[in-house]
>>> print(open('data.txt').read())   # compact mmCIF, C-alpha atoms
# COMPACT_ATOMS: atom_id res chain seq x y z
CA THR H 1 0.00 0.00 0.00
CA LEU H 2 1.34 3.42 -0.95
CA PRO H 3 1.70 5.96 1.89
CA SER H 4 -1.40 7.90 0.87
CA GLU H 5 -3.35 7.79 4.09
CA GLN H 6 -0.69 6.72 6.58
CA ASN H 7 1.43 9.88 6.35
CA SER H 8 -0.98 12.40 4.90
CA GLU H 9 -4.01 11.92 7.16
CA ARG H 10 -2.31 12.77 10.42
CA GLU H 11 -3.65 15.88 12.10
CA MET H 12 -1.36 18.85 12.00
CA PRO H 13 0.09 19.50 15.49
CA ALA H 14 -0.74 23.19 15.15
CA GLY H 15 -0.86 23.90 18.87
CA ALA H 16 2.65 22.71 19.58
CA PHE H 17 4.17 24.50 16.60
CA LEU H 18 2.23 27.69 17.27
CA ARG H 19 3.34 27.64 20.87
CA SER H 20 6.99 27.27 19.94
CA SER H 21 6.60 29.82 17.15
CA LEU H 22 5.13 32.42 19.49
CA MET H 23 7.96 31.88 21.93
CA ALA H 24 10.56 31.92 19.18
CA LEU H 25 9.34 35.24 17.85
CA CYS H 26 10.09 36.84 21.25
CA LEU H 27 7.55 39.58 20.73
CA THR H 28 8.87 41.96 23.35
CA LEU H 29 9.30 45.70 23.40
CA GLY H 30 11.56 47.67 25.70
CA ALA H 31 10.76 50.66 27.86
CA GLY H 32 10.68 52.89 24.80
CA SER H 33 7.45 51.41 23.39
CA ALA H 34 4.98 53.80 21.82
CA THR H 35 2.12 55.37 23.74
CA ALA H 36 -1.11 53.40 23.50
CA GLN H 37 -3.77 54.73 21.16
CA ASP H 38 -7.52 54.60 21.49
CA VAL H 39 -7.99 51.70 19.07
CA GLY H 40 -9.84 49.15 21.19
CA VAL H 41 -6.79 47.69 22.97
CA VAL H 42 -6.63 48.13 26.73
CA GLN H 43 -3.27 49.28 28.05
CA SER H 44 -1.36 46.53 29.83
CA ASP H 45 2.23 45.47 30.31
CA VAL H 46 1.29 41.85 29.60
CA LEU H 47 -0.92 40.63 26.77
CA VAL H 48 -2.06 37.05 26.25
CA ILE H 49 -3.13 35.37 23.04
CA ASN H 50 -4.41 31.94 22.00
CA PRO H 51 -2.27 30.80 19.02
CA ASP H 52 -4.61 27.90 18.18
CA ARG H 53 -7.55 30.27 17.71
CA LEU H 54 -5.35 32.68 15.79
CA PHE H 55 -4.42 30.02 13.26
CA ALA H 56 -7.87 28.42 13.07
CA GLU H 57 -10.05 31.53 12.93
CA THR H 58 -8.15 33.99 10.74
CA GLY H 59 -8.69 34.01 7.01
CA LEU H 60 -4.96 33.53 6.49
CA GLY H 61 -4.77 30.49 8.74
CA GLN H 62 -7.85 28.98 7.12
CA ALA H 63 -6.38 29.58 3.66
CA MET H 64 -3.18 27.81 4.67
CA ASN H 65 -5.16 24.89 6.08
CA ASP H 66 -7.31 24.71 2.94
CA GLU H 67 -4.22 24.60 0.74
CA LEU H 68 -2.68 21.81 2.80
CA GLN H 69 -5.96 19.89 2.76
CA ALA H 70 -6.12 20.19 -1.02
CA GLN H 71 -2.58 18.85 -1.31
CA ARG H 72 -3.42 15.98 1.05
CA ASP H 73 -6.53 15.04 -0.94
CA SER H 74 -4.58 15.23 -4.18
CA LEU H 75 -1.86 12.98 -2.80
CA ILE H 76 -4.38 10.38 -1.66
CA ALA H 77 -6.13 10.40 -5.05
CA HIS H 78 -2.77 10.21 -6.83
CA ASN H 79 -1.67 7.18 -4.81
CA ARG H 80 -4.98 5.38 -5.18
CA LYS H 81 -4.78 5.84 -8.95
CA LEU H 82 -1.29 4.40 -8.99
CA GLU H 83 -2.35 1.47 -6.82
CA ALA H 84 -5.17 0.61 -9.22
CA GLU H 85 -2.83 0.81 -12.20
CA LEU H 86 -0.24 -1.41 -10.53
CA GLU H 87 -2.85 -3.97 -9.57
CA ALA H 88 -4.07 -4.14 -13.17
CA GLU H 89 -0.49 -4.44 -14.44
CA GLU H 90 0.28 -7.20 -11.92
CA LYS H 91 -2.83 -9.13 -12.96
CA ALA H 92 -1.88 -8.85 -16.65
CA LEU H 93 1.64 -10.04 -15.83
CA SER H 94 0.30 -13.06 -13.96
CA GLU H 95 -1.82 -14.01 -16.94
CA LEU H 96 1.29 -14.03 -19.13
CA ARG H 97 3.12 -16.49 -16.93
CA SER H 98 1.73 -19.68 -18.48
CA GLU H 99 2.51 -18.60 -22.03
CA THR H 100 5.87 -16.88 -21.50
CA ASN H 101 9.37 -18.32 -21.45
CA PRO H 102 10.53 -18.55 -17.79
CA ASP H 103 13.60 -16.40 -18.36
CA GLU H 104 11.58 -13.78 -20.22
CA PHE H 105 8.90 -13.81 -17.54
CA ARG H 106 11.54 -13.36 -14.84
CA ASP H 107 12.83 -10.29 -16.65
CA LEU H 108 9.28 -8.90 -16.87
CA ALA H 109 8.65 -9.61 -13.19
CA ASP H 110 11.94 -7.97 -12.16
CA ALA H 111 11.12 -4.89 -14.22
CA PHE H 112 7.70 -4.69 -12.58
CA ASP H 113 9.21 -5.00 -9.08
CA THR H 114 11.68 -2.24 -9.89
CA LYS H 115 8.84 -0.03 -11.09
CA VAL H 116 6.83 -0.69 -7.93
CA ARG H 117 9.80 0.21 -5.71
CA SER H 118 10.40 3.41 -7.67
CA ILE H 119 6.76 4.45 -7.39
CA ARG H 120 6.73 3.67 -3.67
CA GLN H 121 9.85 5.76 -3.08
CA ASP H 122 8.32 8.66 -5.00
CA SER H 123 5.06 8.41 -3.02
CA GLU H 124 6.95 8.32 0.28
CA ARG H 125 8.93 11.40 -0.77
CA ARG H 126 5.72 13.25 -1.60
CA ALA H 127 4.22 12.28 1.76
CA ARG H 128 7.32 13.51 3.60
CA ASP H 129 7.20 16.78 1.68
CA LEU H 130 3.58 17.24 2.71
CA ASP H 131 4.38 16.45 6.35
CA ARG H 132 7.13 19.07 6.30
CA ALA H 133 4.80 21.63 4.75
CA ARG H 134 2.15 20.95 7.37
CA ALA H 135 4.68 21.22 10.19
CA GLN H 136 6.08 24.45 8.80
CA ALA H 137 2.69 26.11 8.21
CA PRO H 138 2.13 27.41 11.79
CA VAL H 139 5.68 28.74 11.91
CA THR H 140 5.17 30.53 8.61
CA PHE H 141 1.83 31.86 9.85
CA MET H 142 3.32 33.37 13.00
CA ARG H 143 6.10 34.99 10.99
CA LEU H 144 3.54 36.57 8.66
CA VAL H 145 1.35 37.94 11.46
CA GLU H 146 4.21 39.14 13.66
CA PRO H 147 3.98 42.78 12.44
CA VAL H 148 0.29 42.86 13.36
CA LEU H 149 1.02 41.54 16.85
CA VAL H 150 3.81 44.06 17.32
CA ASP H 151 1.40 46.86 16.37
CA ILE H 152 -1.07 45.62 19.00
CA MET H 153 1.71 45.59 21.59
CA GLN H 154 2.58 49.17 20.74
CA ASP H 155 -1.07 50.24 20.90
CA ALA H 156 -1.42 48.61 24.32
CA ASP H 157 1.95 49.93 25.53
CA ALA H 158 2.75 46.31 26.38
CA ALA H 159 6.10 44.65 27.03
CA VAL H 160 5.29 41.06 26.12
CA ILE H 161 2.72 38.77 24.50
CA MET H 162 2.29 35.40 26.19
CA ASP H 163 0.60 32.18 25.12
CA SER H 164 -2.68 32.11 27.07
CA ARG H 165 -2.55 28.30 27.32
CA THR H 166 0.67 28.39 29.33
CA VAL H 167 -0.43 31.05 31.84
CA LEU H 168 -1.65 29.41 35.05
CA LEU H 169 -2.49 32.56 37.00
CA ARG H 170 -3.44 35.89 35.51
CA VAL H 171 -3.30 39.27 37.18
CA GLU H 172 -3.78 42.45 35.16
CA VAL H 173 -3.26 40.83 31.78
CA VAL H 174 -5.27 41.51 28.64
CA GLU H 175 -6.56 38.84 26.24
CA ILE H 176 -6.08 40.10 22.68
CA THR H 177 -6.99 37.07 20.54
CA ASP H 178 -10.19 38.58 19.16
CA VAL H 179 -8.47 41.87 18.39
CA ALA H 180 -5.59 40.06 16.71
CA ILE H 181 -7.92 37.94 14.56
CA SER H 182 -9.79 41.05 13.43
CA ARG H 183 -6.62 42.96 12.60
CA ILE H 184 -4.97 40.06 10.78
CA ASP H 185 -8.07 39.64 8.62
CA GLU H 186 -8.15 43.38 7.95
CA GLN H 187 -4.47 43.92 7.26
CA ILE H 188 -3.39 40.62 5.69
CA GLY H 189 -6.61 39.01 4.50
CA SER H 190 -6.96 35.40 3.41
CA GLU H 191 -4.46 35.32 0.56
CA LEU H 192 -0.92 34.06 1.00
CA PRO H 193 1.53 36.90 0.37
CA GLU H 194 3.55 36.70 -2.81
CA GLY H 195 6.61 34.54 -2.43
CA VAL H 196 5.15 32.45 0.41
CA SER H 197 4.90 28.78 -0.55
CA MET H 198 3.07 25.97 1.23
CA GLY H 199 5.22 23.36 -0.49
CA ARG H 200 4.49 21.77 -3.82
CA GLY H 201 5.89 18.26 -3.57
CA VAL H 202 2.38 16.89 -3.94
CA PRO H 203 0.56 16.40 -7.25
CA VAL H 204 -2.29 18.84 -7.75
CA SER H 205 -3.56 17.79 -11.15
CA GLU H 206 -3.70 14.79 -13.39
CA GLY H 207 -0.91 16.34 -15.41
CA ASN H 208 1.48 15.74 -12.52
CA ASN H 209 0.37 12.22 -11.80
CA ASP H 210 2.79 10.38 -14.06
CA ALA H 211 4.71 7.86 -12.04
CA PRO H 212 8.43 7.57 -12.70
CA ASP H 213 9.33 4.68 -14.97
CA ALA H 214 12.22 2.59 -13.81
CA ASP H 215 13.06 0.70 -16.96
>>> encode(input="data.txt", output="structure tokens")
Amino acid sequence: TLPSEQNSEREMPAGAFLRSSLMALCLTLGAGSATAQDVGVVQSDVLVINPDRLFAETGLGQAMNDELQAQRDSLIAHNRKLEAELEAEEKALSELRSETNPDEFRDLADAFDTKVRSIRQDSERRARDLDRARAQAPVTFMRLVEPVLVDIMQDADAAVIMDSRTVLLRVEVVEITDVAISRIDEQIGSELPEGVSMGRGVPVSEGNNDAPDAD
């Protein structure tokens, strides 16, 4: 069985990657941060945000998820098509056995085995490429929305944004997830910026579905 559903149907661990991405961005401002403006953000030294909601509820995050889902579906369809073709080819080869010289049949069988191995390797590579793209998506997302989050920090005269899921006790902190979602949708929208790729190691059309021949 080709790795169509084994590797490509796993759920994206968005929470873990978003958490590490938010920490890696180190969205902190020093004492010289700008004065807060009256734009719907309460002044606070500490802001908290839910990265999972940010990725799931913004148009940008949804667009990235949709693109990855389309690649996943295309990979599964691609592999199922190949499986059907290989099964038909194997059946035709078996039917030739009784009427083919043993040495000639062995050559045909070896060529078929080589082709199957080549197709399997290609499918596994595509699945790995998709896994990498899915793992990278939340990191790419946080990098794209970082300027928006920095603007919110400046408007709130804040020093740090923390992951709300890792804060056990809260005193005088402001939750900004809703504000961030609204601003990301307004300023970035739901289209991937030019030059940002979600990975294209996965076939997206029948034109790309030719399996490599290993003759």
>>> closest_residue(input="data.txt", among="H:Leu54, H:Ala111, H:Leu96, H:Leu82", to="Val148 of chain H", atoms="only C-alpha atoms")
H:Leu54
>>> atom_distance(input="data.txt", atom1="atom CA of Val160 of chain H", atom2="atom CA of Ser44 of chain H")
9.4 Å
>>> residues_around(input="data.txt", residues="segment 186-193 of chain H", least_positions_apart="3", cutoff="6 Å", atoms="only C-alpha atoms", output="PDB file with C-alpha atoms, keeping the file's coordinate frame")
ATOM      1  CA  GLY H  59      -8.690  34.010   7.010  1.00  0.00           C
ATOM      2  CA  LEU H  60      -4.960  33.530   6.490  1.00  0.00           C
ATOM      3  CA  ALA H  63      -6.380  29.580   3.660  1.00  0.00           C
ATOM      4  CA  ARG H 183      -6.620  42.960  12.600  1.00  0.00           C
ATOM      5  CA  VAL H 196       5.150  32.450   0.410  1.00  0.00           C
TER       6      VAL H 196
END
>>> closest_residue(input="data.txt", among="H:Ile152, H:Ala127, H:Ile76, H:Val42", to="Val173 of chain H", atoms="all atoms listed in the file")
H:Val42
>>> closest_residue(input="data.txt", among="H:Thr140, H:Phe112, H:Phe105, H:Gln69", to="Gly195 of chain H", atoms="only C-alpha atoms")
H:Thr140
>>> closest_residue(input="data.txt", among="H:Glu175, H:Asp45, H:His78, H:Arg72", to="Asp122 of chain H", atoms="only C-alpha atoms")
H:His78
>>> closest_residue(input="data.txt", among="H:Ser197, H:Ser164, H:Thr100, H:Ser123", to="Thr177 of chain H", atoms="all atoms listed in the file")
H:Ser164
>>> residues_around(input="data.txt", residues="segment 131-137 of chain H", least_positions_apart="2", cutoff="6 Å", atoms="all atoms listed in the file", output="ChimeraX atom specification")
/H:128-129,139-140,198-199
>>> closest_residue(input="data.txt", among="H:Ile119, H:Val150, H:Ala109, H:Asn50", to="Lys81 of chain H", atoms="all atoms listed in the file")
H:Ile119
>>> atom_distance(input="data.txt", atom1="atom CA of Arg126 of chain H", atom2="atom CA of Ser94 of chain H")
29.6 Å
>>> atom_distance(input="data.txt", atom1="atom CA of Arg143 of chain H", atom2="atom CA of Gln43 of chain H")
24.1 Å
>>> residues_around(input="data.txt", residues="Ile49 of chain H", least_positions_apart="6", cutoff="10 Å", atoms="only C-alpha atoms", output="list in words")
Leu22, Leu149, Ile161, Met162, Asp163, Ser164, Arg165, Val174, Glu175, Ile176, Thr177, Asp178, Val179 and Ala180 of chain H
>>> decode(input="data.txt", residues="segment 86-212 of chain H", atoms="C-alpha atoms", output="compact mmCIF listing (two decimals), in the first residue's frame")
# COMPACT_ATOMS: atom_id res chain seq x y z
CA LEU H 86 -0.24 -1.41 -10.53
CA GLU H 87 -2.85 -3.97 -9.57
CA ALA H 88 -4.07 -4.14 -13.17
CA GLU H 89 -0.49 -4.44 -14.44
CA GLU H 90 0.28 -7.20 -11.92
CA LYS H 91 -2.83 -9.13 -12.96
CA ALA H 92 -1.88 -8.85 -16.65
CA LEU H 93 1.64 -10.04 -15.83
CA SER H 94 0.30 -13.06 -13.96
CA GLU H 95 -1.82 -14.01 -16.94
CA LEU H 96 1.29 -14.03 -19.13
CA ARG H 97 3.12 -16.49 -16.93
CA SER H 98 1.73 -19.68 -18.48
CA GLU H 99 2.51 -18.60 -22.03
CA THR H 100 5.87 -16.88 -21.50
CA ASN H 101 9.37 -18.32 -21.45
CA PRO H 102 10.53 -18.55 -17.79
CA ASP H 103 13.60 -16.40 -18.36
CA GLU H 104 11.58 -13.78 -20.22
CA PHE H 105 8.90 -13.81 -17.54
CA ARG H 106 11.54 -13.36 -14.84
CA ASP H 107 12.83 -10.29 -16.65
CA LEU H 108 9.28 -8.90 -16.87
CA ALA H 109 8.65 -9.61 -13.19
CA ASP H 110 11.94 -7.97 -12.16
CA ALA H 111 11.12 -4.89 -14.22
CA PHE H 112 7.70 -4.69 -12.58
CA ASP H 113 9.21 -5.00 -9.08
CA THR H 114 11.68 -2.24 -9.89
CA LYS H 115 8.84 -0.03 -11.09
CA VAL H 116 6.83 -0.69 -7.93
CA ARG H 117 9.80 0.21 -5.71
CA SER H 118 10.40 3.41 -7.67
CA ILE H 119 6.76 4.45 -7.39
CA ARG H 120 6.73 3.67 -3.67
CA GLN H 121 9.85 5.76 -3.08
CA ASP H 122 8.32 8.66 -5.00
CA SER H 123 5.06 8.41 -3.02
CA GLU H 124 6.95 8.32 0.28
CA ARG H 125 8.93 11.40 -0.77
CA ARG H 126 5.72 13.25 -1.60
CA ALA H 127 4.22 12.28 1.76
CA ARG H 128 7.32 13.51 3.60
CA ASP H 129 7.20 16.78 1.68
CA LEU H 130 3.58 17.24 2.71
CA ASP H 131 4.38 16.45 6.35
CA ARG H 132 7.13 19.07 6.30
CA ALA H 133 4.80 21.63 4.75
CA ARG H 134 2.15 20.95 7.37
CA ALA H 135 4.68 21.22 10.19
CA GLN H 136 6.08 24.45 8.80
CA ALA H 137 2.69 26.11 8.21
CA PRO H 138 2.13 27.41 11.79
CA VAL H 139 5.68 28.74 11.91
CA THR H 140 5.17 30.53 8.61
CA PHE H 141 1.83 31.86 9.85
CA MET H 142 3.32 33.37 13.00
CA ARG H 143 6.10 34.99 10.99
CA LEU H 144 3.54 36.57 8.66
CA VAL H 145 1.35 37.94 11.46
CA GLU H 146 4.21 39.14 13.66
CA PRO H 147 3.98 42.78 12.44
CA VAL H 148 0.29 42.86 13.36
CA LEU H 149 1.02 41.54 16.85
CA VAL H 150 3.81 44.06 17.32
CA ASP H 151 1.40 46.86 16.37
CA ILE H 152 -1.07 45.62 19.00
CA MET H 153 1.71 45.59 21.59
CA GLN H 154 2.58 49.17 20.74
CA ASP H 155 -1.07 50.24 20.90
CA ALA H 156 -1.42 48.61 24.32
CA ASP H 157 1.95 49.93 25.53
CA ALA H 158 2.75 46.31 26.38
CA ALA H 159 6.10 44.65 27.03
CA VAL H 160 5.29 41.06 26.12
CA ILE H 161 2.72 38.77 24.50
CA MET H 162 2.29 35.40 26.19
CA ASP H 163 0.60 32.18 25.12
CA SER H 164 -2.68 32.11 27.07
CA ARG H 165 -2.55 28.30 27.32
CA THR H 166 0.67 28.39 29.33
CA VAL H 167 -0.43 31.05 31.84
CA LEU H 168 -1.65 29.41 35.05
CA LEU H 169 -2.49 32.56 37.00
CA ARG H 170 -3.44 35.89 35.51
CA VAL H 171 -3.30 39.27 37.18
CA GLU H 172 -3.78 42.45 35.16
CA VAL H 173 -3.26 40.83 31.78
CA VAL H 174 -5.27 41.51 28.64
CA GLU H 175 -6.56 38.84 26.24
CA ILE H 176 -6.08 40.10 22.68
CA THR H 177 -6.99 37.07 20.54
CA ASP H 178 -10.19 38.58 19.16
CA VAL H 179 -8.47 41.87 18.39
CA ALA H 180 -5.59 40.06 16.71
CA ILE H 181 -7.92 37.94 14.56
CA SER H 182 -9.79 41.05 13.43
CA ARG H 183 -6.62 42.96 12.60
CA ILE H 184 -4.97 40.06 10.78
CA ASP H 185 -8.07 39.64 8.62
CA GLU H 186 -8.15 43.38 7.95
CA GLN H 187 -4.47 43.92 7.26
CA ILE H 188 -3.39 40.62 5.69
CA GLY H 189 -6.61 39.01 4.50
CA SER H 190 -6.96 35.40 3.41
CA GLU H 191 -4.46 35.32 0.56
CA LEU H 192 -0.92 34.06 1.00
CA PRO H 193 1.53 36.90 0.37
CA GLU H 194 3.55 36.70 -2.81
CA GLY H 195 6.61 34.54 -2.43
CA VAL H 196 5.15 32.45 0.41
CA SER H 197 4.90 28.78 -0.55
CA MET H 198 3.07 25.97 1.23
CA GLY H 199 5.22 23.36 -0.49
CA ARG H 200 4.49 21.77 -3.82
CA GLY H 201 5.89 18.26 -3.57
CA VAL H 202 2.38 16.89 -3.94
CA PRO H 203 0.56 16.40 -7.25
CA VAL H 204 -2.29 18.84 -7.75
CA SER H 205 -3.56 17.79 -11.15
CA GLU H 206 -3.70 14.79 -13.39
CA GLY H 207 -0.91 16.34 -15.41
CA ASN H 208 1.48 15.74 -12.52
CA ASN H 209 0.37 12.22 -11.80
CA ASP H 210 2.79 10.38 -14.06
CA ALA H 211 4.71 7.86 -12.04
CA PRO H 212 8.43 7.57 -12.70
